[in-house]
Amino acid sequence: MNAAEELKQSFPESVTGVGLQTNKPLAVVKKEDLLMIAGKVKEMGFDNLSVVTGIDYVDHFEVIYNFFSYNNKQNLALKVILERENPAVDSLFSLYKVADWLERETYDLVGIRFSGHPNLVRILLPDGWEGHPLRKDYDMNKEQWVTIGEDGEDIVSTDGSGILRRK
Amino acid sequence: MDPVTIDTTKIKTEKKEPETALEKLEDTGLISTLLAARERKGLVLLTTIDQVFNWARLSSLWPVTSGLACCAIEMMAVAMAHHDIARFGMEIFRASPRQADLMFVAGTVTKRMAPRVKLLYEMMAEPKWVISVGSCANTGGPYHESYCVLKGVDNIIPVDVYIPGCPPRPEAWLYGVIQLREKIKNEGYGAKWGLNK
């Protein structure tokens with residue numbers, strides 16, 4: 001019995017499905033119970049949260065958490081399914097410190113809000129960037145440019161003034 | 001004793017305009033300089049100022065140490081002993097743009113890096129040249145459809161030589177350097193008058 005099936009046995013209400021994802025055990029979790037399940041996962045010895053992934057499936061979003069146990073050399077993935085409008089899920093920052101940056105990246109590129117995150121701001125793109133680029137409905141026709149302000153901060157503009165050469 | 005008076009109106013200060021080719025040559029002072037040098041048994045090198053300056057500039061191009069992506073790895077290979085960019089007097093990669101006169105834009109220029117690259121270029125002292133290396137810096141390359149990559153570094157700074165490749169091999173890199181040397185050799189007023197050949 002792998003780790004996902006153990007979770008299914010312990011919490012039949014919260015875990016809606018188990019399976020394999022690239023030969024690693026996967027558990028689909030209700031989004032209300034994610035924090036509780038993640039606490040249980042940490043108790044089971046999964047001490048490393050390696051990746052947080054956000055996926056846009058046009059009609060819904062998915063967030064996949066990949067855990068790893070250094071002692072048991074085991075993998076486990078948790079998946080939550082979020083609605084299209086205003087996707088939000090509990091932050092795992094209280095359990096895993098690394099969730100700080102991973103969730104900021106997921107917020108930056110996919111636009112999923114993590115409630116309870118201490119500092120949910122963009123991490124890769126500058127503040128003021130419009131849209132979340134890895135969403136399917138991101139407007140690719142609108143070019144955005146970055147310039148440096150007086151204090152070294154990034155300023156986003158759409159006309160490219162101050163950066164493009166005059167031709 | 002009577003004071004000596006000089007009637008300045010009687011002094012002719014007329015200067016004859018040189019007409020023939022020989023007179024024009026004498027007017028430049030070149031012949032008297034040459035003769036004076038021969039009297040002192042000195043050696044004389046005849047050239048144009050442009051030619052000397054261009055030769056000095058192309059013989060010691062100092063690139064600025066800046067790499068943006070994987071093409072910078074290739075830049076290190078060019079600088080190492082096997083391909084040895086020191087043959088062109090370029091082995092000193094300056095850590096400060098103020099001491100450099102050549103910039104390799106080696107790698108992907110993202111939108112967020114673009115103002116920094118432009119700033120680096122503006123900090124370099126004249127005369128300065130830019131070589132754009134690799135598909136990404138030339139046109140955007142594999143990231144042309146991306147939301148965050150500049151579609152060619154020539155959108156923000158002027159580029160002298162483009163080196164294609166992903167990444168270009170060191171031989172291609174050296175060929176691009178030779179092209180830039182040819183370009184520098186033919187710069188200046190002398191080139192316009194046909195004197196630099």
# chains A, B, ... in the order shown; residues from 1 in each chain; ligands from 1

$ interface_residues --of "chain A" --to "chain B" --cutoff "6 Å" --atoms "only C-alpha atoms" --output "PyMOL selection string"
chain A and resi 146-147+163-165

$ residues_around --residues "B:Ala106" --least-positions-apart "5" --cutoff "12 Å" --atoms "only C-alpha atoms" --output "MDAnalysis selection string"
chainID B and resid 63:76 117 130:138 152:153 162:168 173

$ atom_distance --atom1 "atom CA of A:Gln74" --atom2 "atom CA of A:Leu49"
12.0 Å

$ closest_residue --among "A:Leu134, A:Leu35, A:Val15, A:Ile112" --to "A:Ser91" --atoms "only C-alpha atoms"
A:Leu35

$ select_by_dssp --residues "stretch 88-138 of chain B" --states "strand (DSSP E)" --output "PyMOL selection string"
chain B and resi 102-106+129-133

$ write_last_selection --atoms "C-alpha atoms" --output "PDB file, in the first residue's frame"
ATOM      1  CA  LEU B 102      33.057  45.980 -26.795  1.00  0.00           C
ATOM      2  CA  MET B 103      29.972  44.235 -25.479  1.00  0.00           C
ATOM      3  CA  PHE B 104      28.967  40.699 -26.313  1.00  0.00           C
ATOM      4  CA  VAL B 105      25.228  40.348 -25.838  1.00  0.00           C
ATOM      5  CA  ALA B 106      25.521  36.630 -25.167  1.00  0.00           C
ATOM      6  CA  TRP B 129      30.837  48.272 -30.397  1.00  0.00           C
ATOM      7  CA  VAL B 130      28.252  45.577 -29.795  1.00  0.00           C
ATOM      8  CA  ILE B 131      28.247  41.992 -31.029  1.00  0.00           C
ATOM      9  CA  SER B 132      24.937  40.179 -30.732  1.00  0.00           C
ATOM     10  CA  VAL B 133      25.573  36.479 -30.227  1.00  0.00           C
TER      11      VAL B 133
END

$ select_by_dssp --residues "chain B" --states "helix (DSSP H, G or I)" --output "ChimeraX atom specification"
/B:8-10,21-27,30-39,49-59,71-79,85-88,97-99,114-123,134-139,141-143,153-155,170-185,189-192

$ closest_residue --among "A:Pro118, A:Gly17, A:Gly111, A:Gly39" --to "A:Gly131" --atoms "only C-alpha atoms"
A:Gly111

$ closest_residue --among "A:Ile155, A:Ile64, A:Leu78, A:Val52" --to "A:Val29" --atoms "only C-alpha atoms"
A:Leu78

$ residues_around --residues "B:Val177" --least-positions-apart "6" --cutoff "10 Å" --atoms "only C-alpha atoms" --output "ChimeraX atom specification"
/B:58,61,85,88,90,131,161,163,171,183

$ write_last_selection --atoms "N, CA, C and O atoms" --output "PDB file, in the first residue's frame"
ATOM      1  N   LEU B  58      41.265  48.277 -32.975  1.00  0.00           N
ATOM      2  CA  LEU B  58      40.903  46.894 -33.284  1.00  0.00           C
ATOM      3  C   LEU B  58      41.900  45.912 -32.712  1.00  0.00           C
ATOM      4  O   LEU B  58      41.596  44.735 -32.587  1.00  0.00           O
ATOM      5  N   LEU B  61      40.669  45.290 -28.414  1.00  0.00           N
ATOM      6  CA  LEU B  61      39.261  45.378 -28.017  1.00  0.00           C
ATOM      7  C   LEU B  61      39.105  44.714 -26.661  1.00  0.00           C
ATOM      8  O   LEU B  61      39.442  43.550 -26.506  1.00  0.00           O
ATOM      9  N   ILE B  85      41.012  33.752 -27.439  1.00  0.00           N
ATOM     10  CA  ILE B  85      40.658  35.059 -28.003  1.00  0.00           C
ATOM     11  C   ILE B  85      41.787  36.070 -27.778  1.00  0.00           C
ATOM     12  O   ILE B  85      41.794  37.146 -28.368  1.00  0.00           O
ATOM     13  N   PHE B  88      43.604  38.032 -30.520  1.00  0.00           N
ATOM     14  CA  PHE B  88      43.112  39.294 -31.063  1.00  0.00           C
ATOM     15  C   PHE B  88      43.259  40.426 -30.053  1.00  0.00           C
ATOM     16  O   PHE B  88      42.644  41.473 -30.210  1.00  0.00           O
ATOM     17  N   MET B  90      42.113  40.468 -27.023  1.00  0.00           N
ATOM     18  CA  MET B  90      40.842  40.648 -26.339  1.00  0.00           C
ATOM     19  C   MET B  90      40.749  39.871 -25.044  1.00  0.00           C
ATOM     20  O   MET B  90      39.657  39.664 -24.546  1.00  0.00           O
ATOM     21  N   ILE B 131      28.444  43.205 -30.241  1.00  0.00           N
ATOM     22  CA  ILE B 131      28.247  41.992 -31.029  1.00  0.00           C
ATOM     23  C   ILE B 131      27.099  41.227 -30.407  1.00  0.00           C
ATOM     24  O   ILE B 131      27.127  40.915 -29.215  1.00  0.00           O
ATOM     25  N   VAL B 161      27.675  43.570 -35.247  1.00  0.00           N
ATOM     26  CA  VAL B 161      27.832  42.263 -35.883  1.00  0.00           C
ATOM     27  C   VAL B 161      26.854  41.296 -35.226  1.00  0.00           C
ATOM     28  O   VAL B 161      26.720  41.280 -34.001  1.00  0.00           O
ATOM     29  N   ILE B 163      26.018  37.272 -34.798  1.00  0.00           N
ATOM     30  CA  ILE B 163      26.555  35.920 -34.982  1.00  0.00           C
ATOM     31  C   ILE B 163      25.409  34.948 -34.792  1.00  0.00           C
ATOM     32  O   ILE B 163      24.864  34.835 -33.689  1.00  0.00           O
ATOM     33  N   GLU B 171      34.362  28.842 -33.192  1.00  0.00           N
ATOM     34  CA  GLU B 171      34.895  29.262 -34.497  1.00  0.00           C
ATOM     35  C   GLU B 171      34.021  30.349 -35.100  1.00  0.00           C
ATOM     36  O   GLU B 171      34.520  31.348 -35.641  1.00  0.00           O
ATOM     37  N   LYS B 183      35.346  45.796 -39.840  1.00  0.00           N
ATOM     38  CA  LYS B 183      34.467  46.972 -39.801  1.00  0.00           C
ATOM     39  C   LYS B 183      35.189  48.163 -39.168  1.00  0.00           C
ATOM     40  O   LYS B 183      35.120  49.274 -39.661  1.00  0.00           O
TER      41      LYS B 183
END

$ closest_residue --among "A:Pro87, A:Ser157, A:Tyr96, A:Arg113" --to "A:Pro126" --atoms "only C-alpha atoms"
A:Ser157

$ decode --residues "stretch 25-56 of chain B" --atoms "N, CA and C atoms" --output "mmCIF file, in the first residue's frame"
data_model
loop_
_atom_site.group_PDB
_atom_site.id
_atom_site.type_symbol
_atom_site.label_atom_id
_atom_site.label_comp_id
_atom_site.auth_asym_id
_atom_site.auth_seq_id
_atom_site.Cartn_x
_atom_site.Cartn_y
_atom_site.Cartn_z
ATOM 1 N N LEU B 25 50.855 70.720 -51.712
ATOM 2 C CA LEU B 25 51.628 69.821 -50.856
ATOM 3 C C LEU B 25 52.568 70.617 -49.957
ATOM 4 N N GLU B 26 53.185 71.652 -50.525
ATOM 5 C CA GLU B 26 54.063 72.494 -49.708
ATOM 6 C C GLU B 26 53.273 73.207 -48.625
ATOM 7 N N ASP B 27 52.061 73.568 -48.967
ATOM 8 C CA ASP B 27 51.234 74.314 -48.019
ATOM 9 C C ASP B 27 50.908 73.478 -46.786
ATOM 10 N N THR B 28 50.845 72.175 -46.932
ATOM 11 C CA THR B 28 50.538 71.343 -45.772
ATOM 12 C C THR B 28 51.690 71.287 -44.791
ATOM 13 N N GLY B 29 52.892 71.658 -45.216
ATOM 14 C CA GLY B 29 54.032 71.575 -44.322
ATOM 15 C C GLY B 29 54.631 70.190 -44.239
ATOM 16 N N LEU B 30 54.104 69.297 -45.037
ATOM 17 C CA LEU B 30 54.569 67.907 -44.957
ATOM 18 C C LEU B 30 56.004 67.783 -45.437
ATOM 19 N N ILE B 31 56.328 68.514 -46.517
ATOM 20 C CA ILE B 31 57.656 68.353 -47.113
ATOM 21 C C ILE B 31 58.734 68.881 -46.173
ATOM 22 N N SER B 32 58.454 70.051 -45.580
ATOM 23 C CA SER B 32 59.460 70.601 -44.666
ATOM 24 C C SER B 32 59.639 69.700 -43.451
ATOM 25 N N THR B 33 58.538 69.097 -43.003
ATOM 26 C CA THR B 33 58.652 68.163 -41.875
ATOM 27 C C THR B 33 59.516 66.976 -42.240
ATOM 28 N N LEU B 34 59.277 66.464 -43.465
ATOM 29 C CA LEU B 34 60.050 65.308 -43.913
ATOM 30 C C LEU B 34 61.527 65.651 -44.049
ATOM 31 N N LEU B 35 61.789 66.819 -44.624
ATOM 32 C CA LEU B 35 63.187 67.204 -44.800
ATOM 33 C C LEU B 35 63.877 67.402 -43.458
ATOM 34 N N ALA B 36 63.151 68.020 -42.505
ATOM 35 C CA ALA B 36 63.729 68.220 -41.180
ATOM 36 C C ALA B 36 64.016 66.885 -40.516
ATOM 37 N N ALA B 37 63.103 65.931 -40.730
ATOM 38 C CA ALA B 37 63.319 64.616 -40.127
ATOM 39 C C ALA B 37 64.524 63.940 -40.755
ATOM 40 N N ARG B 38 64.719 64.152 -42.100
ATOM 41 C CA ARG B 38 65.855 63.504 -42.752
ATOM 42 C C ARG B 38 67.167 64.105 -42.277
ATOM 43 N N GLU B 39 67.153 65.399 -42.016
ATOM 44 C CA GLU B 39 68.380 66.038 -41.510
ATOM 45 C C GLU B 39 68.764 65.454 -40.163
ATOM 46 N N ARG B 40 67.764 65.157 -39.370
ATOM 47 C CA ARG B 40 68.078 64.592 -38.045
ATOM 48 C C ARG B 40 68.279 63.090 -38.107
ATOM 49 N N LYS B 41 68.277 62.518 -39.307
ATOM 50 C CA LYS B 41 68.433 61.080 -39.540
ATOM 51 C C LYS B 41 67.380 60.278 -38.762
ATOM 52 N N GLY B 42 66.152 60.840 -38.751
ATOM 53 C CA GLY B 42 65.072 60.117 -38.063
ATOM 54 C C GLY B 42 64.327 59.235 -39.034
ATOM 55 N N LEU B 43 63.498 58.376 -38.475
ATOM 56 C CA LEU B 43 62.672 57.504 -39.298
ATOM 57 C C LEU B 43 61.296 58.137 -39.450
ATOM 58 N N VAL B 44 60.723 57.984 -40.600
ATOM 59 C CA VAL B 44 59.438 58.615 -40.891
ATOM 60 C C VAL B 44 58.427 57.536 -41.247
ATOM 61 N N LEU B 45 57.249 57.612 -40.618
ATOM 62 C CA LEU B 45 56.161 56.703 -40.957
ATOM 63 C C LEU B 45 55.014 57.547 -41.476
ATOM 64 N N LEU B 46 54.633 57.300 -42.699
ATOM 65 C CA LEU B 46 53.546 58.070 -43.285
ATOM 66 C C LEU B 46 52.250 57.284 -43.163
ATOM 67 N N THR B 47 51.208 57.912 -42.609
ATOM 68 C CA THR B 47 49.920 57.228 -42.471
ATOM 69 C C THR B 47 48.858 58.285 -42.252
ATOM 70 N N THR B 48 47.626 57.852 -42.144
ATOM 71 C CA THR B 48 46.577 58.780 -41.752
ATOM 72 C C THR B 48 46.232 58.536 -40.291
ATOM 73 N N ILE B 49 45.708 59.579 -39.668
ATOM 74 C CA ILE B 49 45.355 59.480 -38.252
ATOM 75 C C ILE B 49 44.319 58.372 -38.036
ATOM 76 N N ASP B 50 43.340 58.324 -38.938
ATOM 77 C CA ASP B 50 42.293 57.319 -38.820
ATOM 78 C C ASP B 50 42.870 55.914 -38.808
ATOM 79 N N GLN B 51 43.825 55.707 -39.729
ATOM 80 C CA GLN B 51 44.384 54.375 -39.852
ATOM 81 C C GLN B 51 45.076 53.963 -38.554
ATOM 82 N N VAL B 52 45.823 54.894 -37.974
ATOM 83 C CA VAL B 52 46.528 54.571 -36.728
ATOM 84 C C VAL B 52 45.524 54.308 -35.608
ATOM 85 N N PHE B 53 44.525 55.181 -35.501
ATOM 86 C CA PHE B 53 43.549 55.013 -34.423
ATOM 87 C C PHE B 53 42.784 53.709 -34.591
ATOM 88 N N ASN B 54 42.346 53.448 -35.829
ATOM 89 C CA ASN B 54 41.577 52.215 -36.039
ATOM 90 C C ASN B 54 42.427 50.993 -35.743
ATOM 91 N N TRP B 55 43.682 51.046 -36.129
ATOM 92 C CA TRP B 55 44.562 49.912 -35.863
ATOM 93 C C TRP B 55 44.699 49.696 -34.354
ATOM 94 N N ALA B 56 44.863 50.815 -33.622
ATOM 95 C CA ALA B 56 44.997 50.690 -32.170
ATOM 96 C C ALA B 56 43.720 50.146 -31.555
#
